[in-house]
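Inspection log for the structure reproduced underneath, given as structure tokens.
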Amino acid sequence: MSSTESGMGLIVTAQQTYYPINLSNAELLSHYETLQEYHEDVSAHALQQSNKYKPTPKLIDQQPEMPPQETRTQIVTFLYELSVMTRVTHGIFSQAVRLYDRYCSKRVVLKDQSKLVIATCLWLTAKTWGGCNHIINNVVIPTGGRFFGPNPRARIPRLSELVHYCNGINEGFDESMFCQMEMHILDTLNWEITEPLINDYVLNVDENCLMQYELYQRQVDQEKQQEWKRQSQTSQESDATVDDNSSANTDNEDLTTKIQIINLKKFLVDLASWQYDLLNFETYEVALGICSIINKFTNQEQSSFLITPMTQPTNQIQLLNIFITAVINAPSSLIQIYKEQAGITTFVAKVKSYHLELQKKLQLASDIELQRKLTLQSCYSQQEIPTTTQYSNTSSPVYPSQNYTPMRNVSAQSESSVFSTAMEHSSPMTPTMYYFNKINNSNTNGSSISINSLPNPTGRQSYDPNDKENQIPNDMTMPPRVKFINTGVSHSPLTNMFINSDESNSRLSLNSMPVETNAHI
């Protein structure tokens, strides 16, 4: 061995190989079969833990220097860019935002220390979820290894990296400050920093192995290219070859769709961290909102692997609207990272097109409603002119009054009868009225004279056989006025009729009439 080689130390020339797909599929199948027995228990525990460690938006709103309506977009964007530069795996960023929200629910965050706090949350989360668990049971696996895949390798940011990226013009952070902030966050949260990730609700276990799907797609593409070269060299093609090609194309389309769905789920999980309104919902509801927007714009039925409660229809609509607005206003840093991923650009274009068409429909409906209101107002203004002219010289409309005498004690004329509206005569419920004389409108009350208000005859001197009803004797005097006392007993409508007297305007009831007996009658 030469001195040069001995001075360089150990040189590693081994290269990583792809993790065997057959082995990965066998592990996934075994995991699913084992999980079936504890599926309900695992789901219930995840829901309980998510509800226990939920942040409190009402307390976050009280931050004096870091109000979420003004500073959340900036601080979350900084954290996302930091997670990209430190190359942490997917899911660490969203969980770090969750940890930051929990801390803001209990402590006041100063503006000049906001970067220190949120970068420490990223550091804590990366160390928490970067353990040595099995690849199927966790999103990440330890650094190193002889295989490439099936998941990306975990990476914990170095303190020197955090100091370099967080120090701005006026910041003077050092490594000791990150260590002190780490202990402060742990004490504030009572060392309870592990909780179910949103990835546990959105991504199934096999969808964490995106590298395996991409590897399999590359292998399929290579096989297609080799098959195409082989067929181009031969001039004979059989029907069986055509059938094999069609089945291979179908499998390739399903594989491409699967990769696009995984990319969309990861994109929406990261995008949800910017949406402050989502803190009002449970974690499983946010996951269902992600699945709902994917189902709407991709025609793919996606749901959570964990058992979750049903979401109220109003919450489903609200979540869908939040995610549509979030996709339209997605941060440029997030789009910059995901624009090269399969299916992201097409999905964003579909959502924006849908929103634009919806806005056009709403604008059209608003214009139609405005035009209808203007038309109605113009019609009303045209009708008010002749109406005002007609009644300009009178204080109130003139209603016709007639002198009638009912033949029996029944109800007044009905306006709700079908006969009274369909024909030119009164209702069957209304008796025929006999008219004797017209009303004199010159007196005060203008009331009509009824048979109930006529005095009884005292003798046969004024009796006329031709006029048996309404012959008024000449020697009849008006009886004295008697005040009617209402005893609260219900009377017929006839007791409410009254007459006009030439001497006074007093109203006389039938009950106030004196009843005289005559021997001649």
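Identifiers in this document derive from the order of the structure tokens: chains are assigned A, B, ..., residues are numbered from 1 separately in each chain, and ligands are numbered from 1 in order of occurrence.
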
DSSP alpha helix (DSSP H) residues within segment 44-288 of chain A, listed as JSON, numbers by chain
{"A": [44, 45, 46, 47, 48, 49, 50, 51, 52, 57, 58, 59, 60, 68, 69, 70, 71, 72, 73, 74, 75, 76, 77, 78, 79, 80, 81, 82, 83, 84, 85, 92, 93, 94, 95, 96, 97, 98, 99, 100, 101, 102, 103, 104, 114, 115, 116, 117, 118, 119, 120, 121, 122, 123, 124, 125, 126, 127, 128, 159, 160, 161, 162, 163, 164, 165, 166, 175, 176, 177, 178, 179, 180, 181, 182, 183, 184, 185, 186, 187, 188, 198, 199, 200, 201, 202, 210, 211, 212, 213, 214, 215, 216, 217, 218, 219, 220, 221, 222, 223, 224, 225, 226, 227, 228, 229, 230, 231, 232, 233, 239, 240, 241, 242, 243, 244, 245, 246, 247, 248, 249, 250, 251, 252, 253, 254, 255, 256, 257, 258, 259, 260, 261, 262, 263, 264, 265, 266, 267, 268, 269, 270, 271, 272, 283, 284, 285, 286, 287, 288]}

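Of the residues listed (A:Tyr38, A:Tyr284, A:Tyr103, A:Tyr216), A:Tyr284 shows the shortest atom-to-atom separation from Met310 of chain A; distances use only C-alpha atoms.
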
Skip Lys266 of chain A itself and residues of its chain fewer than 5 positions away, then list as an NGL selection string all residues within 12 Å of it, counting only C-alpha atoms.
:A and (89-94 or 198-204 or 207-208 or 210 or 259-261 or 271-273 or 287 or 290-291 or 294 or 334 or 337-338 or 341-344)

Using only C-alpha atoms, I'd like a table of the residues in segment 213-313 of chain A that come within 10 Å of segment 51-67 of chain A; for each, show the closest atom pair and its distance in Å rounded to one decimal, ordered by chain and ascending number, as JSON lines.
```
{"residue": "A:Tyr276", "atom": "CA", "partner": "A:Pro57", "partner_atom": "CA", "distance": 8.4}
{"residue": "A:Asp277", "atom": "CA", "partner": "A:Pro57", "partner_atom": "CA", "distance": 8.7}
{"residue": "A:Leu278", "atom": "CA", "partner": "A:Pro57", "partner_atom": "CA", "distance": 9.7}
{"residue": "A:Leu279", "atom": "CA", "partner": "A:Pro57", "partner_atom": "CA", "distance": 6.5}
{"residue": "A:Asn280", "atom": "CA", "partner": "A:Pro57", "partner_atom": "CA", "distance": 7.0}
{"residue": "A:Phe281", "atom": "CA", "partner": "A:Lys54", "partner_atom": "CA", "distance": 9.1}
{"residue": "A:Glu282", "atom": "CA", "partner": "A:Asn51", "partner_atom": "CA", "distance": 6.8}
{"residue": "A:Thr283", "atom": "CA", "partner": "A:Asn51", "partner_atom": "CA", "distance": 7.9}
{"residue": "A:Tyr284", "atom": "CA", "partner": "A:Asn51", "partner_atom": "CA", "distance": 9.7}
```

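For Val88 of chain A, the list of residues within 10 Å, based on only C-alpha atoms and with local chain neighbours fewer than 2 positions off taken out, reads Leu82, Ser83, Val84, Met85, Thr86, His90, Gly91, Ile92, Phe93, Leu122, Trp123, Thr125, Ala126, Gly130, Val140, Pro152, Arg153, Ala154, Arg155, Ile156 and Pro157 of chain A.
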
What does the file look like for those residues with C-alpha atoms, as a short mmCIF file (atom, residue, chain, number, x, y, z; two decimals), in the first residue's frame?
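Done, and the output landed in selection05.cif:
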```cif
data_model
loop_
_atom_site.label_atom_id
_atom_site.label_comp_id
_atom_site.auth_asym_id
_atom_site.auth_seq_id
_atom_site.Cartn_x
_atom_site.Cartn_y
_atom_site.Cartn_z
CA LEU A 82 -35.61 26.02 5.61
CA SER A 83 -36.97 22.47 5.38
CA VAL A 84 -36.08 22.35 1.68
CA MET A 85 -32.55 23.61 2.25
CA THR A 86 -31.92 21.19 5.13
CA HIS A 90 -41.79 14.89 3.78
CA GLY A 91 -44.05 15.30 6.81
CA ILE A 92 -41.43 16.98 8.99
CA PHE A 93 -42.41 20.45 7.78
CA LEU A 122 -38.15 21.86 12.86
CA TRP A 123 -35.05 20.52 14.60
CA THR A 125 -39.52 17.26 14.79
CA ALA A 126 -36.71 15.93 12.62
CA GLY A 130 -35.97 10.21 12.42
CA VAL A 140 -38.36 7.46 7.26
CA PRO A 152 -36.05 8.44 1.52
CA ARG A 153 -33.41 8.43 4.20
CA ALA A 154 -34.00 10.50 7.30
CA ARG A 155 -31.87 13.55 7.81
CA ILE A 156 -31.53 15.70 10.92
CA PRO A 157 -30.39 19.29 10.32
#
```

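Taking only C-alpha atoms into account, Val348 of chain A lies nearest to A:Thr325 out of the set A:Thr308, A:Thr325, A:Gln226, A:Ser333.
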
Residue nearest Tyr165 of chain A among A:Arg230, A:Gln225, A:Glu81, A:Thr128 (counting only C-alpha atoms)
A:Glu81

Suppose you want the space between atom CA of Leu255 of chain A and atom CA of Phe147 of chain A; what is it in Å?
22.6 Å

Considering only C-alpha atoms, can you say which of A:Gln318, A:Ile185, A:Asp270, A:Gln275 comes closest to Gly289 of chain A?
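Smallest separation from Gly289 of chain A among the options: A:Gln318.
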